[in-house]
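Visitor: First, the structure itself, so that you have it in front of you.
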Amino acid sequence: MHLDHSHEGPAAVGADALRPDGRRRALRVGLGGPVGSGKTATVAALCRTLRERHSLAVVTNDIYTREDAEFLLREAVLPPERIQAVETGACPHTAIRDDISANLEAVEDLEDAVGPLDLILVESGGDNLTATFSRGLVDAQIFVIDVAGGDDIPRKGGPGVTTADLLVINKTDLAPYVGSDLGRMARDAKEQRGELPVLFTSLKGQDGVAPVADWVRARLAAWTA
Amino acid sequence: MAGAQAGRAALLVLADGRFPAGGHAHSGGAEQAVRAGRIRDAHDLAEYCRGRLHTAGLTAAALAAAAAGGLDPLELDAAADARTPSPALRATARRLGRQLMRAARATWPGPELTALATALPRGAHQPVVLGLTARSAALTPEDAAYCALYEAVSGPATATVRLLGLDPFEATAVLARLAPELDEAAARATARAARAAHEGTDVLPAAAGPLLDIAAEAHAAWPVRLFAS
Amino acid sequence: MSVRATARIVATRAGLPVLAGEGPLAVRRTRAEGPGSRVTVIGAMSAPLGGDRLAVEVAVREGARLTVDSAAATVALPGRRDGAEGPAHYDIRLTVADDARLNWLPQQLISAYRSELRMRTRVELAATARLVLREEQVLGRHGEPPGTLLSRLTVHRAGRPLLDQESAYGPGAPGGWDGGAVLGGYRAAGQLLCVAPGFDERPVEARMLGSTAVLTPLAGPGFLVTAVAPDALRLRRVLDGVLDRVLNGVPDGVRDERGNDVPDEALDAYR
């Protein structure tokens with residue numbers, strides 16, 4: 001819906017599909033979800049899987065800055081110049097939803113510095129179930145929860161679970177240990193989300209992120225079509 | 001009817017703390033001041049805000065008023081550089097300027113905003129962009145000065161609520177009690193900006209707080225922090 | 001009776017064609033430690049009273065080198081009629097031509113109880129001029145509350161603004177001057193400014209000099225040390241660390257907050 005208009009001059013509005021130089025900007029995918037559900041691990045795994053074929057960058061929004069960015073640096077999933085941290089003033093919701101200025105700036109700086117880019121992953125700070133990304137910042141969003149956080153989370157709903165373009169239910173390998181009922185989670189998610197997709201992952205497993213990576217690839221194909 | 005009240009609604013939009021121009025991630029030096037023990041309670045916050053109002057706030061307000069009055073934004077940007085010896089604060093001012101520019105061009109687009117964004121794509125000093133935004137919204141130089149001054153004190157007050165768990169009613173009362181001084185500073189800033197139109201940017205105030213500059217550099221060196229400045 | 005007096009100093013490669021004091025402003029040629037001339041402003045400079053208007057005008061012509069210092073601290077005092085005369089004014093105008101150098105290193109300015117002084121320093125630098133300027137303000141003589149001290153330093157280089165800083169301390173200043181954004185209870189504040197064309201290519205890096213002082217590169221070719229301290233002595237110690245390095249290349253001049261030497265060859269661009 002944003003593709004049919006573009007503002008004059010540099011960086012007019014975040015959602016514009018074209019860069020000031022007329023080239024199409026990168027697809028921007030947000031990853032949100034509660035603390036400890038595996039957002040950063042998912043970002044790391046996506047980077048490892050997609051970096052061979054696509055030009056990637058990551059923006060992190062820690063509550064305390066740099067923790068996640070430094071994890072990604074330590075894991076060496078991308079060169080440091082492709083990872084940027086944004087300070088959120090103790091309000092991670094605000095930075096990805098209400099006032100996306102600093103994130104948009106980070107995204108543009110990355111495209112200027114290491115572009116052209118195919119994909120930018122924007123990771124939110126760990127938060128509760130109400131955090132969602134502004135459509136002015138990302139083109140699609142993934143909400144990551146995990147089985148250990150309680151199998152009633154899909155039933156509880158909330159904007160992240162209900163409206164994210166993809167719901168990832170992570171750490172399925174832990175389900176037997178924490179007594180989570182995956183079938184119930186799937187049914188509740190379907191109830192909340194209708195036709196929107198849900199994926200179960202275990203990043204511990206061999207290529208555990210593959211279904212998420214496939215979903216991102218499909219998004220990329222649609223974006224560049 | 002139009003007249004003195006015209007533009008009041010636009011002023012509310014621009015001055016709203018929820019105006020999406022990046023300010024929420026900045027503490028106006030309060031994060032460092034809290035760590036250094038210079039802000040511990042509502043009294044310290046009041047003195048901090050009062051000092052910031054009459055130094056960095058006044059300087060920013062006059063720059064904003066001058067930009068709203070139609071002075072050359074590039075000349076004002078150079079004047080802002082000279083008034084900002086701290087590179088951390090220069091970088092912050094340009095970042096916030098760039099972020100405000102985006103919001104301004106979405107809300108009150110105009111050729112002057114586009115021209116400045118094109119001349120300084122990495123961002124002009126925020127007060128200059130603020131003044132030009134006010135101008136684009138058909139607000140007055142005095143309106144621009146008010147916005148700059150209010151930002152100068154509301155940023156630290158909001159941040160202190162988050163950092164110290166300060167009672168939000170107390171913090172807001174601090175701001176309310178500063179209102180008469182803010183009125184006075186707005187009048188001074190506006191008068192100087194009007195003079196600058198004829199006498200050049202040197203007559204704009206250059207009030208500075210040494211601890212603001214020192215603390216900004218100390219804060220920029222923290223490896224982990226909540227606020228960007 | 002209020003005093004009006006102006007001292008004038010002109011330095012050229014050949015010497016000091018103009019060296020003229022007036023009234024309480026006496027200027028003497030003193031022995032320079034390095035190349036160029038040195039002028040010392042003698043004691044009487046030390047007491048602007050309410051209503052006085054003092055001025056010092058210095059011009060350093062092309063290629064010349066000049067150091068100006070003072071024999072004693074300047075003490076701003078209340079007027080003879082205790083404020084009825086209005087504030088004292090002290091105006092300093094410094095002009096430095098191409099390839100010329102000025103070291104402006106006066107002693108401290110002390111704002112005595114009930115005094116009111118407005119200090120104005122204007123500096124015009126040519127594109128290749130070099131400048132070292134120190135400014136120290138001490139609020140109150142030992143153990144007394146401060147007077148009112150308003151001061152502004154404006155520096156232009158090649159006709160463009162390089163640095164503009166205004167301070168206002170004491171009972172006649174706007175509120176908040178002693179709060180956490182401005183002085184935070186400290187009673188001495190100072191700046192050391194250094195400008196030289198070499199800083200264009202090799203800008204210094206910003207760094208803390210202890211917890212209440214910082215060295216920062218300006219948006220033009222120069223740097224500024226901004227410092228506050230409990231007293232004049234401790235302020236001077238911080239500024240001297242940088243000054244020694246800049247003027248004399250003393251290798252252990254600049255120290256970080258732990259007292260360790262911070263070698264920085266970028267500071268040598270002045271020499």
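Starting from 1 in every chain, residues are counted up; chains themselves are A, B, ... following the order of the structure tokens, and ligands are numbered from 1 as listed.
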Please identify every residue of chain B that has at least one atom no farther than 6 Å from an atom of chain A, counting only C-alpha atoms, and for each give the shortest atom pair and the distance in Å to one decimal, arranged by chain then increasing number, as a Markdown table.
Guide:
| residue | atom | partner | partner_atom | distance |
| --- | --- | --- | --- | --- |
| B:Pro20 | CA | A:Asp99 | CA | 4.4 |
| B:Ala21 | CA | A:Ser101 | CA | 5.8 |
| B:Gly22 | CA | A:Ser101 | CA | 5.1 |
| B:Ala25 | CA | A:Gly89 | CA | 3.9 |
| B:Gln99 | CA | A:Ser101 | CA | 5.4 |
| B:Arg102 | CA | A:Ala12 | CA | 5.6 |
| B:Val224 | CA | A:Thr65 | CA | 5.4 |
| B:Arg225 | CA | A:Tyr64 | CA | 5.7 |
| B:Leu226 | CA | A:Gly89 | CA | 5.0 |
| B:Phe227 | CA | A:Gly89 | CA | 4.3 |
| B:Ala228 | CA | A:Glu87 | CA | 5.4 |
Visitor: What's around region 177-182 of chain A at 7 Å? Count only C-alpha atoms, leave out sequence neighbours fewer than 5 positions away in its own chain, and write the answer as a PyMOL selection string.
Guide: chain A and resi 147-148+150-151
Visitor: Can I get the selection written as a compact mmCIF listing (two decimals), in the first residue's frame, with all heavy atoms?
Guide:
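Final output, saved to selection.txt:
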# COMPACT_ATOMS: atom_id res chain seq x y z
N VAL A 147 7.60 -22.33 24.56
CA VAL A 147 6.72 -23.25 25.28
C VAL A 147 6.95 -23.15 26.79
O VAL A 147 6.04 -23.41 27.59
CB VAL A 147 6.91 -24.71 24.80
CG1 VAL A 147 6.59 -24.83 23.33
CG2 VAL A 147 8.31 -25.21 25.10
N ALA A 148 8.17 -22.76 27.18
CA ALA A 148 8.48 -22.71 28.60
C ALA A 148 7.81 -21.52 29.28
O ALA A 148 7.68 -21.49 30.51
CB ALA A 148 9.98 -22.65 28.80
N GLY A 150 4.84 -20.94 29.24
CA GLY A 150 3.47 -21.33 29.62
C GLY A 150 2.67 -21.63 28.37
O GLY A 150 2.70 -20.84 27.42
N ASP A 151 1.95 -22.77 28.35
CA ASP A 151 1.22 -23.11 27.13
C ASP A 151 -0.11 -22.36 27.02
O ASP A 151 -0.88 -22.56 26.09
CB ASP A 151 1.04 -24.64 27.00
CG ASP A 151 0.24 -25.23 28.15
OD1 ASP A 151 -0.27 -24.45 29.00
OD2 ASP A 151 0.14 -26.47 28.23
Visitor: Taking 5 positions as the minimum chain separation for residues in the same chain, which residues sit within 10 Å of Leu120 (chain B) when counting only C-alpha atoms? Answer as a ChimeraX atom specification.
Guide: /A:10 /B:74,77,94,97-98,114-115,125
Visitor: Report as a list of chain:residue names all protein, DNA and RNA residues lying within 7 Å of Ala148 (chain B), evaluated on only C-alpha atoms, omitting residues in the same chain fewer than 6 positions from it.
Guide: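 Close residues of Ala148 (chain B): B:Gly57, B:Ala60, B:Ala61, B:Ala64, B:Pro127.
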Visitor: Got a sec: who's within 7 Å of region 87-92 of chain B, counting only C-alpha atoms, leaving out chain neighbours fewer than 2 positions off, as an mmCIF file with all heavy atoms, in the first residue's frame?
Guide:
data_model
loop_
_atom_site.group_PDB
_atom_site.id
_atom_site.type_symbol
_atom_site.label_atom_id
_atom_site.label_comp_id
_atom_site.auth_asym_id
_atom_site.auth_seq_id
_atom_site.Cartn_x
_atom_site.Cartn_y
_atom_site.Cartn_z
ATOM 1 N N ASP B 81 26.617 25.090 16.137
ATOM 2 C CA ASP B 81 27.884 24.364 16.303
ATOM 3 C C ASP B 81 28.812 25.109 17.267
ATOM 4 O O ASP B 81 29.421 24.508 18.148
ATOM 5 C CB ASP B 81 28.586 24.222 14.945
ATOM 6 C CG ASP B 81 28.429 22.828 14.353
ATOM 7 O OD1 ASP B 81 27.948 21.919 15.065
ATOM 8 O OD2 ASP B 81 28.807 22.645 13.179
ATOM 9 N N THR B 84 28.041 24.693 20.844
ATOM 10 C CA THR B 84 28.006 23.306 21.330
ATOM 11 C C THR B 84 29.408 22.705 21.284
ATOM 12 O O THR B 84 29.743 21.983 20.345
ATOM 13 C CB THR B 84 27.035 22.465 20.463
ATOM 14 O OG1 THR B 84 25.860 23.243 20.175
ATOM 15 C CG2 THR B 84 26.616 21.197 21.176
ATOM 16 N N PRO B 85 30.243 22.997 22.284
ATOM 17 C CA PRO B 85 31.616 22.477 22.226
ATOM 18 C C PRO B 85 31.700 20.962 22.409
ATOM 19 O O PRO B 85 32.696 20.360 22.023
ATOM 20 C CB PRO B 85 32.331 23.205 23.378
ATOM 21 C CG PRO B 85 31.248 23.688 24.281
ATOM 22 C CD PRO B 85 30.029 23.896 23.423
ATOM 23 N N ARG B 94 22.177 16.806 16.104
ATOM 24 C CA ARG B 94 21.968 16.498 14.675
ATOM 25 C C ARG B 94 21.080 15.267 14.491
ATOM 26 O O ARG B 94 20.264 15.210 13.575
ATOM 27 C CB ARG B 94 23.314 16.304 13.975
ATOM 28 C CG ARG B 94 24.090 17.605 13.869
ATOM 29 C CD ARG B 94 25.220 17.540 12.869
ATOM 30 N NE ARG B 94 25.956 18.793 12.895
ATOM 31 C CZ ARG B 94 25.543 19.899 12.290
ATOM 32 N NH1 ARG B 94 24.428 19.865 11.571
ATOM 33 N NH2 ARG B 94 26.228 21.011 12.400
ATOM 34 N N ARG B 95 21.262 14.281 15.365
ATOM 35 C CA ARG B 95 20.394 13.097 15.284
ATOM 36 C C ARG B 95 18.948 13.493 15.513
ATOM 37 O O ARG B 95 18.049 13.100 14.781
ATOM 38 C CB ARG B 95 20.787 12.079 16.346
ATOM 39 C CG ARG B 95 21.832 11.109 15.894
ATOM 40 C CD ARG B 95 22.196 10.168 17.018
ATOM 41 N NE ARG B 95 21.192 9.149 17.228
ATOM 42 C CZ ARG B 95 21.297 8.221 18.178
ATOM 43 N NH1 ARG B 95 22.353 8.213 18.970
ATOM 44 N NH2 ARG B 95 20.371 7.319 18.329
ATOM 45 N N LEU B 96 18.735 14.280 16.571
ATOM 46 C CA LEU B 96 17.361 14.681 16.875
ATOM 47 C C LEU B 96 16.823 15.614 15.799
ATOM 48 O O LEU B 96 15.623 15.616 15.511
ATOM 49 C CB LEU B 96 17.296 15.331 18.256
ATOM 50 C CG LEU B 96 17.416 14.340 19.421
ATOM 51 C CD1 LEU B 96 17.551 15.074 20.748
ATOM 52 C CD2 LEU B 96 16.204 13.405 19.451
ATOM 53 N N ALA B 216 27.772 15.200 29.386
ATOM 54 C CA ALA B 216 27.384 14.613 28.094
ATOM 55 C C ALA B 216 28.489 13.710 27.570
ATOM 56 O O ALA B 216 28.221 12.626 27.035
ATOM 57 C CB ALA B 216 27.077 15.709 27.082
ATOM 58 N N GLU B 217 29.738 14.136 27.734
ATOM 59 C CA GLU B 217 30.844 13.306 27.260
ATOM 60 C C GLU B 217 31.029 12.081 28.150
ATOM 61 O O GLU B 217 31.337 10.990 27.665
ATOM 62 C CB GLU B 217 32.142 14.129 27.208
ATOM 63 C CG GLU B 217 32.106 15.247 26.170
ATOM 64 C CD GLU B 217 31.923 14.733 24.745
ATOM 65 O OE1 GLU B 217 32.390 13.631 24.422
ATOM 66 O OE2 GLU B 217 31.280 15.455 23.948
ATOM 67 N N ALA B 220 28.344 9.636 27.114
ATOM 68 C CA ALA B 220 28.561 9.036 25.791
ATOM 69 C C ALA B 220 29.544 7.874 25.870
ATOM 70 O O ALA B 220 29.546 7.000 25.002
ATOM 71 C CB ALA B 220 29.067 10.097 24.808
ATOM 72 N N SER B 229 21.063 10.066 25.322
ATOM 73 C CA SER B 229 21.829 11.227 25.794
ATOM 74 C C SER B 229 21.231 11.710 27.092
ATOM 75 O O SER B 229 20.126 11.317 27.449
ATOM 76 C CB SER B 229 21.820 12.368 24.784
ATOM 77 O OG SER B 229 20.577 13.041 24.817
ATOM 78 N N THR C 216 37.295 18.491 24.599
ATOM 79 C CA THR C 216 36.419 18.178 23.467
ATOM 80 C C THR C 216 36.892 18.882 22.194
ATOM 81 O O THR C 216 37.249 20.062 22.231
ATOM 82 C CB THR C 216 34.971 18.638 23.734
ATOM 83 O OG1 THR C 216 34.986 20.022 24.147
ATOM 84 C CG2 THR C 216 34.315 17.811 24.819
ATOM 85 N N PRO C 217 36.891 18.164 21.080
ATOM 86 C CA PRO C 217 37.181 18.815 19.806
ATOM 87 C C PRO C 217 36.012 19.696 19.395
ATOM 88 O O PRO C 217 34.858 19.288 19.521
ATOM 89 C CB PRO C 217 37.350 17.642 18.841
ATOM 90 C CG PRO C 217 36.526 16.546 19.431
ATOM 91 C CD PRO C 217 36.578 16.732 20.924
#
Visitor: Quick one: of B:Ser136, B:Arg177, B:Thr160, B:Leu182, who's nearest to Arg38 (chain B), counting only C-alpha atoms?
Guide: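 Among the listed residues, B:Thr160 lies closest to Arg38 (chain B).
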Visitor: Quick one: which residues from chain B are at most 9 Å off chain C, using only C-alpha atoms, as a ChimeraX atom specification?
Guide: /B:29-30,33,37-39,44-55,78-88,90,181,202,205-215,217-218,221
Visitor: With C-alpha atoms retained, export the selected residues as a CSV table (one decimal), in the first residue's frame.
Guide:
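File produced: part-v8.csv:
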chain,number,residue,atom,x,y,z
B,29,GLY,CA,21.7,14.7,30.6
B,30,ALA,CA,19.5,13.5,33.5
B,33,ALA,CA,23.3,13.5,36.6
B,37,GLY,CA,24.3,11.9,42.4
B,38,ARG,CA,23.4,15.4,41.2
B,39,ILE,CA,19.7,14.5,40.9
B,44,ASP,CA,17.5,18.5,42.7
B,45,LEU,CA,15.4,17.9,39.6
B,46,ALA,CA,13.9,21.4,39.9
B,47,GLU,CA,17.3,23.0,40.2
B,48,TYR,CA,18.6,20.9,37.3
B,49,CYS,CA,15.7,21.8,35.1
B,50,ARG,CA,16.0,25.5,36.1
B,51,GLY,CA,19.7,25.5,35.2
B,52,ARG,CA,19.1,23.8,31.9
B,53,LEU,CA,16.2,26.1,31.1
B,54,HIS,CA,18.4,29.2,31.4
B,55,THR,CA,21.4,27.7,29.7
B,78,ALA,CA,26.9,27.1,12.2
B,79,ALA,CA,25.9,29.3,15.2
B,80,ALA,CA,24.6,26.2,17.0
B,81,ASP,CA,27.9,24.4,16.3
B,82,ALA,CA,29.8,27.2,17.9
B,83,ARG,CA,27.5,27.1,20.9
B,84,THR,CA,28.0,23.3,21.3
B,85,PRO,CA,31.6,22.5,22.2
B,86,SER,CA,30.7,18.9,23.2
B,87,PRO,CA,30.9,16.6,20.2
B,88,ALA,CA,28.5,14.2,21.9
B,90,ARG,CA,26.5,18.1,18.6
B,181,GLU,CA,10.5,31.4,34.3
B,202,ASP,CA,26.2,36.8,17.3
B,205,PRO,CA,22.4,33.9,23.5
B,206,ALA,CA,25.1,31.4,24.0
B,207,ALA,CA,24.3,30.4,27.6
B,208,ALA,CA,26.1,27.2,28.6
B,209,GLY,CA,26.2,24.9,31.6
B,210,PRO,CA,29.7,23.4,32.1
B,211,LEU,CA,28.3,20.3,33.9
B,212,LEU,CA,26.0,19.7,30.9
B,213,ASP,CA,28.9,19.6,28.6
B,214,ILE,CA,31.1,17.5,30.9
B,215,ALA,CA,28.4,15.1,31.8
B,217,GLU,CA,30.8,13.3,27.3
B,218,ALA,CA,30.9,11.1,30.4
B,221,ALA,CA,31.4,6.8,27.0
Visitor: CA of Gly136 (chain A) and CA of Asp16 (chain A) are how many Å apart?
Guide: 8.5 Å
Visitor: Just want the 8 Å neighbourhood of Glu136 (chain C), counted on only C-alpha atoms, with same-chain residues fewer than 2 positions away dropped. Output as a PyMOL selection string.
Guide: chain C and resi 107-109+134+138+188-191+232+235
Visitor: Would you kindly return, as a PyMOL selection string, each protein, DNA or RNA residue with an atom no farther than 10 Å from any atom of region 2-14 of chain C, considering only C-alpha atoms and excluding same-chain residues fewer than 3 positions away?
Guide: chain C and resi 17-27+36-39+41+45+48-68+79-80+85+88-97+100-102
Visitor: Quick one: pick out all helix (DSSP H, G or I) residues within region 18-103 of chain A from a backbone DSSP run and write them as a PyMOL selection string.
Guide: chain A and resi 39-50+67-74+80-82+92-98+101-103
Visitor: Could you check the closest approach to Ala9 (chain B) for each of B:Leu116, B:Arg188, B:Asp143, B:Leu178 and tell me which residue wins, using only C-alpha atoms?
Guide: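 Selected residue with least distance to Ala9 (chain B): B:Asp143.
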Visitor: Considering only C-alpha atoms, state which residue in the set A:Ala57, A:Val144, A:Ala106, A:Ala225 is at the smallest distance from Ala41 (chain A).
Guide: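 The answer is A:Val144, which sits nearest to Ala41 (chain A).
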Visitor: Calculate how many Å separate CA of His54 (chain A) from CA of Val209 (chain A), rounding to one decimal.
Guide: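 Between CA of His54 (chain A) and CA of Val209 (chain A) the gap is 16.2 Å.
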Visitor: Can you list, as a PyMOL selection string, all residues belonging to chain A that DSSP tags as strand (DSSP E or B)?
Guide: chain A and resi 18+24+27-32+34+56-60+83-85+119-123+127+140-146+166-170+198-200
Visitor: Since we have the selection now, will you write its residues out, keeping N, CA and C atoms, as a compact mmCIF listing (two decimals), in the first residue's frame?
Guide:
# COMPACT_ATOMS: atom_id res chain seq x y z
N LEU A 18 10.84 3.33 -1.79
CA LEU A 18 12.03 3.69 -2.55
C LEU A 18 12.97 4.55 -1.71
N ARG A 24 14.91 0.48 -4.71
CA ARG A 24 14.01 -0.09 -3.71
C ARG A 24 14.80 -0.33 -2.43
N LEU A 27 13.71 -5.01 2.49
CA LEU A 27 12.54 -5.48 3.24
C LEU A 27 12.90 -5.41 4.72
N ARG A 28 11.95 -4.92 5.54
CA ARG A 28 12.23 -4.80 6.97
C ARG A 28 11.28 -5.71 7.74
N VAL A 29 11.86 -6.61 8.50
CA VAL A 29 11.07 -7.58 9.26
C VAL A 29 11.35 -7.38 10.75
N GLY A 30 10.30 -7.17 11.52
CA GLY A 30 10.45 -6.99 12.97
C GLY A 30 10.32 -8.32 13.70
N LEU A 31 11.10 -8.47 14.76
CA LEU A 31 10.95 -9.64 15.64
C LEU A 31 10.68 -9.16 17.05
N GLY A 32 9.50 -9.51 17.56
CA GLY A 32 9.14 -9.11 18.92
C GLY A 32 8.84 -10.34 19.76
N PRO A 34 8.27 -11.86 24.25
CA PRO A 34 8.68 -11.70 25.64
C PRO A 34 10.17 -11.95 25.85
N LEU A 56 22.30 -8.72 4.35
CA LEU A 56 21.51 -8.55 5.58
C LEU A 56 22.08 -7.49 6.51
N ALA A 57 21.21 -6.99 7.38
CA ALA A 57 21.66 -6.16 8.50
C ALA A 57 20.64 -6.32 9.63
N VAL A 58 21.07 -5.95 10.84
CA VAL A 58 20.22 -6.12 12.02
C VAL A 58 20.21 -4.84 12.84
N VAL A 59 19.04 -4.44 13.33
CA VAL A 59 18.92 -3.36 14.31
C VAL A 59 18.39 -3.97 15.60
N THR A 60 19.05 -3.71 16.71
CA THR A 60 18.56 -4.22 18.00
C THR A 60 18.03 -3.08 18.85
N ILE A 83 25.43 -4.44 12.14
CA ILE A 83 24.60 -4.56 13.34
C ILE A 83 24.58 -3.20 14.03
N GLN A 84 23.41 -2.70 14.30
CA GLN A 84 23.32 -1.41 14.97
C GLN A 84 22.34 -1.48 16.14
N ALA A 85 22.73 -0.86 17.27
CA ALA A 85 21.88 -0.86 18.45
C ALA A 85 21.22 0.51 18.60
N LEU A 119 17.54 -7.31 3.17
CA LEU A 119 16.70 -7.57 4.34
C LEU A 119 17.32 -6.93 5.58
N ILE A 120 16.49 -6.25 6.35
CA ILE A 120 16.92 -5.76 7.65
C ILE A 120 16.00 -6.36 8.71
N LEU A 121 16.60 -7.04 9.67
CA LEU A 121 15.84 -7.59 10.79
C LEU A 121 15.88 -6.58 11.92
N VAL A 122 14.72 -6.18 12.43
CA VAL A 122 14.63 -5.24 13.54
C VAL A 122 14.15 -6.02 14.76
N GLU A 123 15.03 -6.16 15.75
CA GLU A 123 14.67 -6.94 16.93
C GLU A 123 14.22 -6.01 18.04
N ASP A 127 10.02 -7.95 25.91
CA ASP A 127 8.90 -7.17 26.42
C ASP A 127 7.76 -8.10 26.77
N ALA A 140 6.82 -6.50 7.82
CA ALA A 140 6.22 -7.72 8.35
C ALA A 140 6.79 -7.95 9.73
N GLN A 141 6.01 -8.58 10.60
CA GLN A 141 6.56 -8.84 11.92
C GLN A 141 6.33 -10.26 12.38
N ILE A 142 7.35 -10.73 13.10
CA ILE A 142 7.33 -12.08 13.65
C ILE A 142 7.25 -11.94 15.16
N PHE A 143 6.34 -12.68 15.78
CA PHE A 143 6.25 -12.65 17.24
C PHE A 143 6.75 -13.99 17.76
N VAL A 144 7.74 -13.94 18.64
CA VAL A 144 8.37 -15.17 19.12
C VAL A 144 7.97 -15.42 20.57
N ILE A 145 7.30 -16.55 20.83
CA ILE A 145 7.05 -16.95 22.22
C ILE A 145 7.69 -18.33 22.39
N ASP A 146 7.69 -18.86 23.60
CA ASP A 146 8.28 -20.19 23.76
C ASP A 146 7.39 -21.04 24.66
N LEU A 166 3.63 -13.55 11.51
CA LEU A 166 4.04 -14.93 11.78
C LEU A 166 4.19 -15.09 13.29
N LEU A 167 3.60 -16.16 13.82
CA LEU A 167 3.82 -16.47 15.24
C LEU A 167 4.76 -17.67 15.30
N VAL A 168 5.86 -17.48 16.02
CA VAL A 168 6.81 -18.58 16.19
C VAL A 168 6.72 -19.06 17.63
N ILE A 169 6.49 -20.35 17.81
CA ILE A 169 6.46 -20.94 19.14
C ILE A 169 7.74 -21.76 19.26
N ASN A 170 8.66 -21.23 20.08
CA ASN A 170 10.04 -21.70 20.10
C ASN A 170 10.26 -22.68 21.26
N VAL A 198 1.46 -20.05 11.90
CA VAL A 198 2.12 -20.35 13.17
C VAL A 198 3.18 -21.40 12.88
N LEU A 199 4.39 -21.20 13.41
CA LEU A 199 5.44 -22.20 13.22
C LEU A 199 5.99 -22.63 14.56
N PHE A 200 6.24 -23.93 14.71
CA PHE A 200 6.89 -24.44 15.92
C PHE A 200 8.37 -24.67 15.60
